[in-house]
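So the structure is just underneath, and the comments pick up after that.
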Amino acid sequence: MRRRPPLPSRLAPAFGILILLPLLATPASADTPPESVRLLAKAAADECFTGVGVDYPPGPPCAVGQPKVNQSYVWGLAQAGRRLWFGTGANVLCLKPEGYQVREPILNDDYVCEFGQSQPARANPSLPATLGDHRTPEVFTYDLATERLTERTADITSASPTDANLLRTTAGLRSAAAHQGVVLLGGPSVVGGVNMFAFDTVTGRYLGSTNLSAYENIRHWVVAGGVLYAGVGLGVNGGEAGRVLRWTGDRTTPFAFTEVADLPTQVADLTEHQGRLYVSTWPKAIVDGSAAERAAAGDLPASYPAGPSYADVGEQAPRAGGVPASGAGAGDDTDPADLAGIWMSPPLAAGAPGLNPEDAGNWAQVWSAADYEPDPVVRRAYALGGLASFGGRLYWGTMHVPLQATALHVSVYPPRSPAQLQATVQNTQRAFAVFRVQGLGGTRERVETLYGESTLPAYDPTANNGVGAWAPAPTGSTPVYGGSGFGDPFNLYAWKMAVAGGRLYIGTMDFAYISLDGELPTPPAGTATSPPTFGADLWSFDAPGRPARAVDTGGFGNPLNQGVRTMVVDGSTLYLGMANPMNLRTDPTPGVPKGGWELIRVSRR
């Protein structure tokens, strides 16, 4: 059993050089920031833990063992009137996608992943080890007027055995939307399909549940032109294709949808921009997730098996079952449509109002990872996160699953020595980039890299008489404001964007705490570098012509908050749902950082 997590100690050599890079982002102002931050609600401990493979004693309170907090993400968040609705995800860091080969449990001071040795897994031998840490997600409302948090999970579990079973088999409620008197919460099922639950936003009454068996993943929703749309993925883990669904339901039939986009890759986020719908996508599923661990461990087999799943800190849809085989060919012949990209809908006003089934085949890809990333293998591991319309321009950011590009590169070009492996690990890491475009489709169309790089490492397999070598290659752009990740190499996800009060906010996932074992390094004496920070960031573009401003770079006072997973806008106020997977950090001492989800309000002073 590993006492330390699998990624930090193995990532440290590869990421160590990153802490020496200068931080190029615009520093936070020394003046009082224009936003105030308040913690509204926090996950509570819900289990007692005495050791890996040991049955859980009663509690909490825990007469034996220590408290554990399983619910780690506010994964789906929506607002209806003066009430927030949200669904959670439990132990998301421990949930691995289909095909991931789990080896040993992970136990350290911050979190535990028991995998196949958990009590649920031992009681149910048919449960894959990848789902051993799964727990039933929970549903809450937060009343903004009374500041009262109310759990609504029992509304579902007490409705019928069918409803209870659907919730129990939901990996997490990773999406939520409220429209025309109905709130919808949905997430991938661990046995197949997308599970969805509905409530009446006026009365609060539970309306029922369903399984959308045609789809395998769902992330975000958007209301555009008075119509509600959702993005979904098809196939194993949602990685084979994508659709955009138009909601046609009501309180009586809350689960009525029609497909209005047929895309080659799964949809991540959606926004309305200048009379069209735009979506960001993830790439085709590409590599067996367990390859990341093997690469980090230093294993050097001749080749790695490829399969449609990601090792992505819980961002794929875990489920039980086998993995169909797929190839992982080398070279730059990947169809850009199969890469992470930005897709544009037909005009919303053309024909019948909104988007309709006849529009499904008329979307156009306007950008792909190939337009920026010079390495043809690394670009296949790019994913896209948040996007937003701001100041007449469309903004979006990338996401880089830890070691995903490394695993893919190793599967295509197996290293021949430990030195080559180290070079591959180091040169395949990317922090997120932020882009914007104006004049889409016109003669003056211009895509700008706001935060990114002018060169990135690219691999030439023919160099050194066929041994191969890495060398800087141009991205084709010069960053307007600064380096990737807002200058922080551990900022891996531009996870969510939202416009509030005339400002564009970007929430990040910062992997520094896990990568560095929770210990900030000291830069070498005499170097003009700044150490990384722990905890998610929130940045603001206060105007289209200005660089981003740091609102917070430390997880809003909790360095264990690794990501801003979701946002809801209410005028100039933001409500943030945080990702915090540190399930053993439950020390009740005031001021000690704690694990588990958080609901945070960011408002203008």
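How things are named: the first chain in the structure tokens is A, the next is B, and so on; residues count from 1 in each chain; ligands count from 1 in the order shown.
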Strand (DSSP E or B) call set, DSSP backbone run, region 98-155 of chain A, as number ranges by chain:
A: 106-107, 112-113, 139-143, 148-151
Residue neighbourhood region 575-583 of chain A, 8 Å, only C-alpha atoms, exclusion window fewer than 5 positions, as an MDAnalysis selection string
chainID A and resid 68:77 91:93 110:112 560:570 594:602
Writer output for current selection, C-alpha atoms, as a PDB file, in the first residue's frame:
ATOM      1  CA  LYS A  68     -13.985  11.442   6.765  1.00  0.00           C
ATOM      2  CA  VAL A  69     -15.750  13.753   4.291  1.00  0.00           C
ATOM      3  CA  ASN A  70     -16.642  11.929   1.089  1.00  0.00           C
ATOM      4  CA  GLN A  71     -18.566  14.643  -0.767  1.00  0.00           C
ATOM      5  CA  SER A  72     -15.810  16.536  -2.555  1.00  0.00           C
ATOM      6  CA  TYR A  73     -17.309  18.585  -5.423  1.00  0.00           C
ATOM      7  CA  VAL A  74     -20.147  20.988  -5.926  1.00  0.00           C
ATOM      8  CA  TRP A  75     -20.422  19.468  -9.378  1.00  0.00           C
ATOM      9  CA  GLY A  76     -23.680  20.944 -10.696  1.00  0.00           C
ATOM     10  CA  LEU A  77     -25.006  24.359  -9.587  1.00  0.00           C
ATOM     11  CA  ASN A  91     -14.369  11.148  -3.751  1.00  0.00           C
ATOM     12  CA  VAL A  92     -13.988  12.351  -7.330  1.00  0.00           C
ATOM     13  CA  LEU A  93     -10.199  12.158  -7.134  1.00  0.00           C
ATOM     14  CA  ASP A 110      -4.826  14.439   3.084  1.00  0.00           C
ATOM     15  CA  TYR A 111      -6.940  11.740   1.479  1.00  0.00           C
ATOM     16  CA  VAL A 112      -7.508   8.041   1.040  1.00  0.00           C
ATOM     17  CA  LEU A 560      -7.193  22.375  -0.277  1.00  0.00           C
ATOM     18  CA  ASN A 561      -9.756  23.888  -2.675  1.00  0.00           C
ATOM     19  CA  GLN A 562      -8.029  22.757  -5.859  1.00  0.00           C
ATOM     20  CA  GLY A 563     -10.592  24.005  -8.371  1.00  0.00           C
ATOM     21  CA  VAL A 564     -13.466  26.339  -9.187  1.00  0.00           C
ATOM     22  CA  ARG A 565     -15.678  23.676 -10.703  1.00  0.00           C
ATOM     23  CA  THR A 566     -18.812  25.677 -11.497  1.00  0.00           C
ATOM     24  CA  MET A 567     -20.190  29.220 -11.388  1.00  0.00           C
ATOM     25  CA  VAL A 568     -23.612  30.856 -11.297  1.00  0.00           C
ATOM     26  CA  VAL A 569     -24.119  34.563 -12.028  1.00  0.00           C
ATOM     27  CA  ASP A 570     -26.643  36.776 -10.203  1.00  0.00           C
ATOM     28  CA  LYS A 594     -10.648  21.269   5.723  1.00  0.00           C
ATOM     29  CA  GLY A 595     -11.580  18.950   2.888  1.00  0.00           C
ATOM     30  CA  GLY A 596     -14.897  18.608   1.094  1.00  0.00           C
ATOM     31  CA  TRP A 597     -16.950  20.840  -1.192  1.00  0.00           C
ATOM     32  CA  GLU A 598     -17.507  24.520  -0.518  1.00  0.00           C
ATOM     33  CA  LEU A 599     -20.116  26.986  -1.759  1.00  0.00           C
ATOM     34  CA  ILE A 600     -18.665  30.493  -2.018  1.00  0.00           C
ATOM     35  CA  ARG A 601     -20.113  33.894  -2.848  1.00  0.00           C
ATOM     36  CA  VAL A 602     -18.015  36.531  -4.613  1.00  0.00           C
TER      37      VAL A 602
END
Per-residue DSSP, region 151-229 of chain A, filtered to helix (DSSP H, G or I), as a PyMOL selection string
chain A and resi 153-157+161-168
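For Arg82 (chain A), the set of protein, DNA and RNA residues having any atom at most 7 Å away, when counting only C-alpha atoms and skipping those fewer than 5 positions along the same chain, is A:Asp143, A:Leu144, A:Ala145.
Among A:Arg219, A:Arg436, A:Ala469, A:Val499, the residue with the shortest atom-to-atom distance to Gly545 (chain A), counting only C-alpha atoms, is A:Arg436.
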Fewer than 2 positions away in the same chain doesn't count, so skip those; otherwise give me all residues within 12 Å of Gly439 (chain A), counting only C-alpha atoms, as a PyMOL selection string.
chain A and resi 273-274+366+392-394+436-437+441-448
Fewer than 4 positions away in the same chain doesn't count, so skip those; otherwise give me all residues within 7 Å of Ile218 (chain A), counting only C-alpha atoms, as a list of chain:residue names.
A:Ser175, A:Gly187, A:Pro188, A:Gly231, A:Val232, A:Gly233
Skip region 347-361 of chain A itself and residues of its chain fewer than 5 positions away, then list as a VMD selection string all residues within 8 Å of it, counting only C-alpha atoms.
chain A and resid 224 to 225 227 246 258 to 263 275 to 277
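Between CA of Asp510 (chain A) and CA of Thr449 (chain A) the interatomic distance comes to 20.4 Å.
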Find the residues around Thr203 (chain A) up to 12 Å (only C-alpha atoms counted), leave out those fewer than 2 positions away in its own chain, and share them as a list in words.
Ala80, Gly81, Arg83, Gly181, Val182, Val183, Phe199, Asp200, Thr201, Arg205, Tyr206, Leu207 and Arg251 of chain A
Selected residues written out, N, CA, C and O atoms, as a PDB file, in the first residue's frame:
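Generated output (part_21.pdb):
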ATOM      1  N   ALA A  80     -32.510  29.361  -9.042  1.00  0.00           N
ATOM      2  CA  ALA A  80     -33.905  29.607  -9.380  1.00  0.00           C
ATOM      3  C   ALA A  80     -34.458  30.576  -8.346  1.00  0.00           C
ATOM      4  O   ALA A  80     -34.629  30.205  -7.175  1.00  0.00           O
ATOM      5  N   GLY A  81     -34.713  31.825  -8.744  1.00  0.00           N
ATOM      6  CA  GLY A  81     -35.169  32.819  -7.793  1.00  0.00           C
ATOM      7  C   GLY A  81     -34.098  33.078  -6.746  1.00  0.00           C
ATOM      8  O   GLY A  81     -32.931  33.288  -7.059  1.00  0.00           O
ATOM      9  N   ARG A  83     -32.982  30.927  -4.598  1.00  0.00           N
ATOM     10  CA  ARG A  83     -32.539  29.633  -4.103  1.00  0.00           C
ATOM     11  C   ARG A  83     -31.516  29.033  -5.058  1.00  0.00           C
ATOM     12  O   ARG A  83     -31.709  29.031  -6.279  1.00  0.00           O
ATOM     13  N   GLY A 181     -39.388  27.035 -14.359  1.00  0.00           N
ATOM     14  CA  GLY A 181     -39.998  26.374 -13.215  1.00  0.00           C
ATOM     15  C   GLY A 181     -39.485  24.980 -12.907  1.00  0.00           C
ATOM     16  O   GLY A 181     -40.028  24.312 -12.015  1.00  0.00           O
ATOM     17  N   VAL A 182     -38.448  24.524 -13.613  1.00  0.00           N
ATOM     18  CA  VAL A 182     -37.909  23.180 -13.389  1.00  0.00           C
ATOM     19  C   VAL A 182     -36.404  23.286 -13.173  1.00  0.00           C
ATOM     20  O   VAL A 182     -35.715  24.024 -13.891  1.00  0.00           O
ATOM     21  N   VAL A 183     -35.895  22.567 -12.167  1.00  0.00           N
ATOM     22  CA  VAL A 183     -34.459  22.420 -12.007  1.00  0.00           C
ATOM     23  C   VAL A 183     -34.098  20.981 -12.353  1.00  0.00           C
ATOM     24  O   VAL A 183     -34.777  20.034 -11.960  1.00  0.00           O
ATOM     25  N   PHE A 199     -36.815  18.783 -10.145  1.00  0.00           N
ATOM     26  CA  PHE A 199     -37.587  19.381  -9.061  1.00  0.00           C
ATOM     27  C   PHE A 199     -38.364  20.570  -9.607  1.00  0.00           C
ATOM     28  O   PHE A 199     -37.949  21.217 -10.573  1.00  0.00           O
ATOM     29  N   ASP A 200     -39.491  20.878  -8.961  1.00  0.00           N
ATOM     30  CA  ASP A 200     -40.262  22.088  -9.240  1.00  0.00           C
ATOM     31  C   ASP A 200     -39.613  23.231  -8.475  1.00  0.00           C
ATOM     32  O   ASP A 200     -39.510  23.188  -7.244  1.00  0.00           O
ATOM     33  N   THR A 201     -39.178  24.265  -9.180  1.00  0.00           N
ATOM     34  CA  THR A 201     -38.464  25.349  -8.514  1.00  0.00           C
ATOM     35  C   THR A 201     -39.374  26.226  -7.674  1.00  0.00           C
ATOM     36  O   THR A 201     -38.906  26.938  -6.784  1.00  0.00           O
ATOM     37  N   ARG A 205     -41.110  20.654  -5.032  1.00  0.00           N
ATOM     38  CA  ARG A 205     -41.538  19.256  -5.112  1.00  0.00           C
ATOM     39  C   ARG A 205     -40.649  18.478  -6.074  1.00  0.00           C
ATOM     40  O   ARG A 205     -40.283  18.954  -7.145  1.00  0.00           O
ATOM     41  N   TYR A 206     -40.321  17.251  -5.679  1.00  0.00           N
ATOM     42  CA  TYR A 206     -39.550  16.362  -6.541  1.00  0.00           C
ATOM     43  C   TYR A 206     -40.449  15.847  -7.657  1.00  0.00           C
ATOM     44  O   TYR A 206     -41.547  15.363  -7.423  1.00  0.00           O
ATOM     45  N   LEU A 207     -39.963  15.939  -8.908  1.00  0.00           N
ATOM     46  CA  LEU A 207     -40.779  15.601 -10.072  1.00  0.00           C
ATOM     47  C   LEU A 207     -40.459  14.230 -10.669  1.00  0.00           C
ATOM     48  O   LEU A 207     -41.252  13.716 -11.452  1.00  0.00           O
ATOM     49  N   ARG A 251     -42.961  21.101 -16.361  1.00  0.00           N
ATOM     50  CA  ARG A 251     -43.126  20.436 -15.075  1.00  0.00           C
ATOM     51  C   ARG A 251     -43.782  19.055 -15.227  1.00  0.00           C
ATOM     52  O   ARG A 251     -43.517  18.151 -14.440  1.00  0.00           O
TER      53      ARG A 251
END
